[in-house]
Amino acid sequence: MTTTPPRWATAGAALLLATGLTALGLSPAAAHVTASSTTTAAEGWARITFTVPNESDTASTDRLELRLPADTPFSSVRVQPVEGWTAELTEEELPEPVQVGEGAITKAVTTITWTADAEHAIAPDEFQAFTVSAGPLPSEGTTLVMPVAQSYTDGRTVAWDEPAAEGEEEPQHPAPSLTTTAAEAEGHTHAHGAGESSADGSSHEASSTEASSTEETSPVGALTWVALVAGVLGLVAGVVALLRPRRRD
């Protein structure tokens with residue numbers, strides 16, 4: 001004779017399972033492509049990282065296609081190398097010039113396609129991170145929706161392209177997105193740490209810091225040596241003054 005567990009017991013087990021998964025950083029809805037950024041400040045330069053988990057139990061992810069916003073394009077886009085993956089940036093003419101920063105652009109990178117070799121595809125139970133340096137970011141309050149098509153070695157493709165509306169339930173295949181915030185104060189570096197290169201390949205902060213450090217410390221060092229020499233001369237003069245009366249005696 002079999003006994004069917006009561007509904008409260010089944011619900012309790014499901015709740016405990018969900019709680020356990022959450023404690024481990026896992027959840028049924030968490031296994032999708034997500035985007036995170038070093039900054040969301042308007043007019044800033046960002047390093048946007050797309051985290052791509054493999055949801056298949058039998059196939060590997062060997063291709064990824066990212067669509068960047070065409071209505072609010074980036075004037076500069078660069079990719080960080082990923083071992084075993086090649087990246088192709090596709091640039092397109094814009095329907096009309098778009099004002100970005102201090103100038104207008106007529107073409108921009110709209111698609112990035114990553115392709116893996118046989119040894120570096122994302123296997124089941126694995127994930128990979130793909131980082132893009134892009135900027136400047138558009139004005140405050142702009143939502144950047146960046147759909148991703150994830151392809152598997154068994155021929156299946158999953159499109160993460162459903163926009164998520166605030167206050168509504170998350171869709172089954174949400175598109176990675178970021179919402180820009182207020183611009184930072186002038187003089188702050190947006191996506192770059194001290195001494196890091198900007199998206200145009202230049203690095204000014206480290207050199208300016210070194211220059212200011214030299215300017216501040218050099219006068220102090222010179223004054224220290226002057227004081228030391230003056231002290232020695234004063235000591236010698238004092239000794240000579242003490243010895244002269246003794247010679248007369």
# chains A, B, ... in the order shown; residues from 1 in each chain; ligands from 1
>>> residues_around(residues="A:Ala42", least_positions_apart="5", cutoff="12 Å", atoms="only C-alpha atoms", output="ChimeraX atom specification")
/A:72,74,100-101,135-144,178-186,190-191
>>> write_last_selection(atoms="N, CA and C atoms", output="PDB file, in the first residue's frame")
ATOM      1  N   THR A  72      21.250  53.863 -29.782  1.00  0.00           N
ATOM      2  CA  THR A  72      22.204  54.567 -28.912  1.00  0.00           C
ATOM      3  C   THR A  72      23.560  53.870 -29.050  1.00  0.00           C
ATOM      4  N   PHE A  74      27.649  52.898 -29.575  1.00  0.00           N
ATOM      5  CA  PHE A  74      28.917  53.270 -28.943  1.00  0.00           C
ATOM      6  C   PHE A  74      29.882  53.734 -30.032  1.00  0.00           C
ATOM      7  N   VAL A 100      27.095  61.388 -30.394  1.00  0.00           N
ATOM      8  CA  VAL A 100      27.717  60.621 -29.318  1.00  0.00           C
ATOM      9  C   VAL A 100      28.854  61.461 -28.752  1.00  0.00           C
ATOM     10  N   GLY A 101      28.734  61.836 -27.480  1.00  0.00           N
ATOM     11  CA  GLY A 101      29.752  62.689 -26.891  1.00  0.00           C
ATOM     12  C   GLY A 101      29.757  64.055 -27.550  1.00  0.00           C
ATOM     13  N   GLY A 135      31.967  52.626 -25.125  1.00  0.00           N
ATOM     14  CA  GLY A 135      31.601  53.933 -24.626  1.00  0.00           C
ATOM     15  C   GLY A 135      31.607  54.982 -25.726  1.00  0.00           C
ATOM     16  N   PRO A 136      31.243  56.191 -25.372  1.00  0.00           N
ATOM     17  CA  PRO A 136      30.684  56.546 -24.071  1.00  0.00           C
ATOM     18  C   PRO A 136      29.237  56.077 -23.933  1.00  0.00           C
ATOM     19  N   LEU A 137      28.798  55.897 -22.683  1.00  0.00           N
ATOM     20  CA  LEU A 137      27.430  55.453 -22.435  1.00  0.00           C
ATOM     21  C   LEU A 137      26.454  56.605 -22.690  1.00  0.00           C
ATOM     22  N   PRO A 138      25.232  56.274 -23.109  1.00  0.00           N
ATOM     23  CA  PRO A 138      24.240  57.327 -23.394  1.00  0.00           C
ATOM     24  C   PRO A 138      23.724  57.998 -22.125  1.00  0.00           C
ATOM     25  N   SER A 139      22.792  58.905 -22.299  1.00  0.00           N
ATOM     26  CA  SER A 139      22.303  59.739 -21.208  1.00  0.00           C
ATOM     27  C   SER A 139      21.634  58.927 -20.102  1.00  0.00           C
ATOM     28  N   GLU A 140      21.536  59.555 -18.937  1.00  0.00           N
ATOM     29  CA  GLU A 140      20.967  58.901 -17.758  1.00  0.00           C
ATOM     30  C   GLU A 140      19.558  58.377 -18.026  1.00  0.00           C
ATOM     31  N   GLY A 141      19.279  57.177 -17.521  1.00  0.00           N
ATOM     32  CA  GLY A 141      17.951  56.589 -17.660  1.00  0.00           C
ATOM     33  C   GLY A 141      17.746  55.792 -18.932  1.00  0.00           C
ATOM     34  N   THR A 142      18.789  55.653 -19.748  1.00  0.00           N
ATOM     35  CA  THR A 142      18.682  54.875 -20.983  1.00  0.00           C
ATOM     36  C   THR A 142      18.890  53.392 -20.680  1.00  0.00           C
ATOM     37  N   THR A 143      17.969  52.559 -21.135  1.00  0.00           N
ATOM     38  CA  THR A 143      18.108  51.110 -20.967  1.00  0.00           C
ATOM     39  C   THR A 143      18.732  50.526 -22.218  1.00  0.00           C
ATOM     40  N   LEU A 144      19.893  49.917 -22.043  1.00  0.00           N
ATOM     41  CA  LEU A 144      20.605  49.293 -23.151  1.00  0.00           C
ATOM     42  C   LEU A 144      20.244  47.820 -23.192  1.00  0.00           C
ATOM     43  N   LEU A 178      21.312  46.882 -19.388  1.00  0.00           N
ATOM     44  CA  LEU A 178      21.866  47.800 -18.393  1.00  0.00           C
ATOM     45  C   LEU A 178      21.099  49.111 -18.495  1.00  0.00           C
ATOM     46  N   THR A 179      20.918  49.793 -17.377  1.00  0.00           N
ATOM     47  CA  THR A 179      20.277  51.103 -17.371  1.00  0.00           C
ATOM     48  C   THR A 179      21.280  52.132 -16.864  1.00  0.00           C
ATOM     49  N   THR A 180      21.496  53.172 -17.637  1.00  0.00           N
ATOM     50  CA  THR A 180      22.504  54.166 -17.275  1.00  0.00           C
ATOM     51  C   THR A 180      22.033  55.040 -16.110  1.00  0.00           C
ATOM     52  N   THR A 181      23.016  55.534 -15.367  1.00  0.00           N
ATOM     53  CA  THR A 181      22.741  56.391 -14.223  1.00  0.00           C
ATOM     54  C   THR A 181      23.354  57.770 -14.470  1.00  0.00           C
ATOM     55  N   ALA A 182      23.292  58.621 -13.473  1.00  0.00           N
ATOM     56  CA  ALA A 182      23.792  59.996 -13.619  1.00  0.00           C
ATOM     57  C   ALA A 182      25.283  60.000 -13.921  1.00  0.00           C
ATOM     58  N   ALA A 183      25.704  60.980 -14.694  1.00  0.00           N
ATOM     59  CA  ALA A 183      27.121  61.120 -15.029  1.00  0.00           C
ATOM     60  C   ALA A 183      27.921  61.439 -13.781  1.00  0.00           C
ATOM     61  N   GLU A 184      29.163  60.964 -13.752  1.00  0.00           N
ATOM     62  CA  GLU A 184      30.029  61.235 -12.619  1.00  0.00           C
ATOM     63  C   GLU A 184      30.635  62.625 -12.734  1.00  0.00           C
ATOM     64  N   ALA A 185      31.171  63.118 -11.617  1.00  0.00           N
ATOM     65  CA  ALA A 185      31.783  64.442 -11.604  1.00  0.00           C
ATOM     66  C   ALA A 185      32.999  64.458 -12.507  1.00  0.00           C
ATOM     67  N   GLU A 186      33.298  65.634 -13.047  1.00  0.00           N
ATOM     68  CA  GLU A 186      34.451  65.776 -13.924  1.00  0.00           C
ATOM     69  C   GLU A 186      35.723  65.434 -13.163  1.00  0.00           C
ATOM     70  N   HIS A 190      35.796  56.827 -15.423  1.00  0.00           N
ATOM     71  CA  HIS A 190      34.560  56.066 -15.350  1.00  0.00           C
ATOM     72  C   HIS A 190      34.808  54.568 -15.272  1.00  0.00           C
ATOM     73  N   ALA A 191      35.400  54.002 -16.308  1.00  0.00           N
ATOM     74  CA  ALA A 191      35.572  52.554 -16.317  1.00  0.00           C
ATOM     75  C   ALA A 191      37.004  52.148 -16.060  1.00  0.00           C
TER      76      ALA A 191
END
>>> select_by_dssp(residues="stretch 38-71 of chain A", states="strand (DSSP E)", output="PDB file with C-alpha atoms, in the first residue's frame")
ATOM      1  CA  ALA A  46      32.406  50.753 -19.373  1.00  0.00           C
ATOM      2  CA  ARG A  47      33.740  47.222 -19.303  1.00  0.00           C
ATOM      3  CA  ILE A  48      30.622  45.136 -19.813  1.00  0.00           C
ATOM      4  CA  THR A  49      30.914  41.442 -18.967  1.00  0.00           C
ATOM      5  CA  PHE A  50      28.464  38.909 -20.363  1.00  0.00           C
ATOM      6  CA  THR A  51      28.275  35.726 -18.297  1.00  0.00           C
ATOM      7  CA  VAL A  52      27.209  32.752 -20.410  1.00  0.00           C
ATOM      8  CA  PRO A  53      26.272  29.488 -18.657  1.00  0.00           C
ATOM      9  CA  THR A  61      28.126  26.179 -26.446  1.00  0.00           C
ATOM     10  CA  ASP A  62      30.437  27.001 -29.353  1.00  0.00           C
ATOM     11  CA  ARG A  63      29.069  30.281 -30.691  1.00  0.00           C
ATOM     12  CA  LEU A  64      27.713  33.518 -29.282  1.00  0.00           C
ATOM     13  CA  GLU A  65      26.236  36.460 -31.164  1.00  0.00           C
ATOM     14  CA  LEU A  66      25.723  39.757 -29.335  1.00  0.00           C
ATOM     15  CA  ARG A  67      23.649  42.608 -30.728  1.00  0.00           C
TER      16      ARG A  67
END
>>> closest_residue(among="A:Ser37, A:Gln99, A:Ser56, A:Gln150", to="A:Ser75", atoms="only C-alpha atoms")
A:Gln99
>>> closest_residue(among="A:Pro163, A:Ala149, A:Ala31, A:His173", to="A:Phe127", atoms="only C-alpha atoms")
A:Ala31
>>> closest_residue(among="A:Pro97, A:Pro124, A:Gly44, A:Pro147", to="A:Ala159", atoms="only C-alpha atoms")
A:Pro147
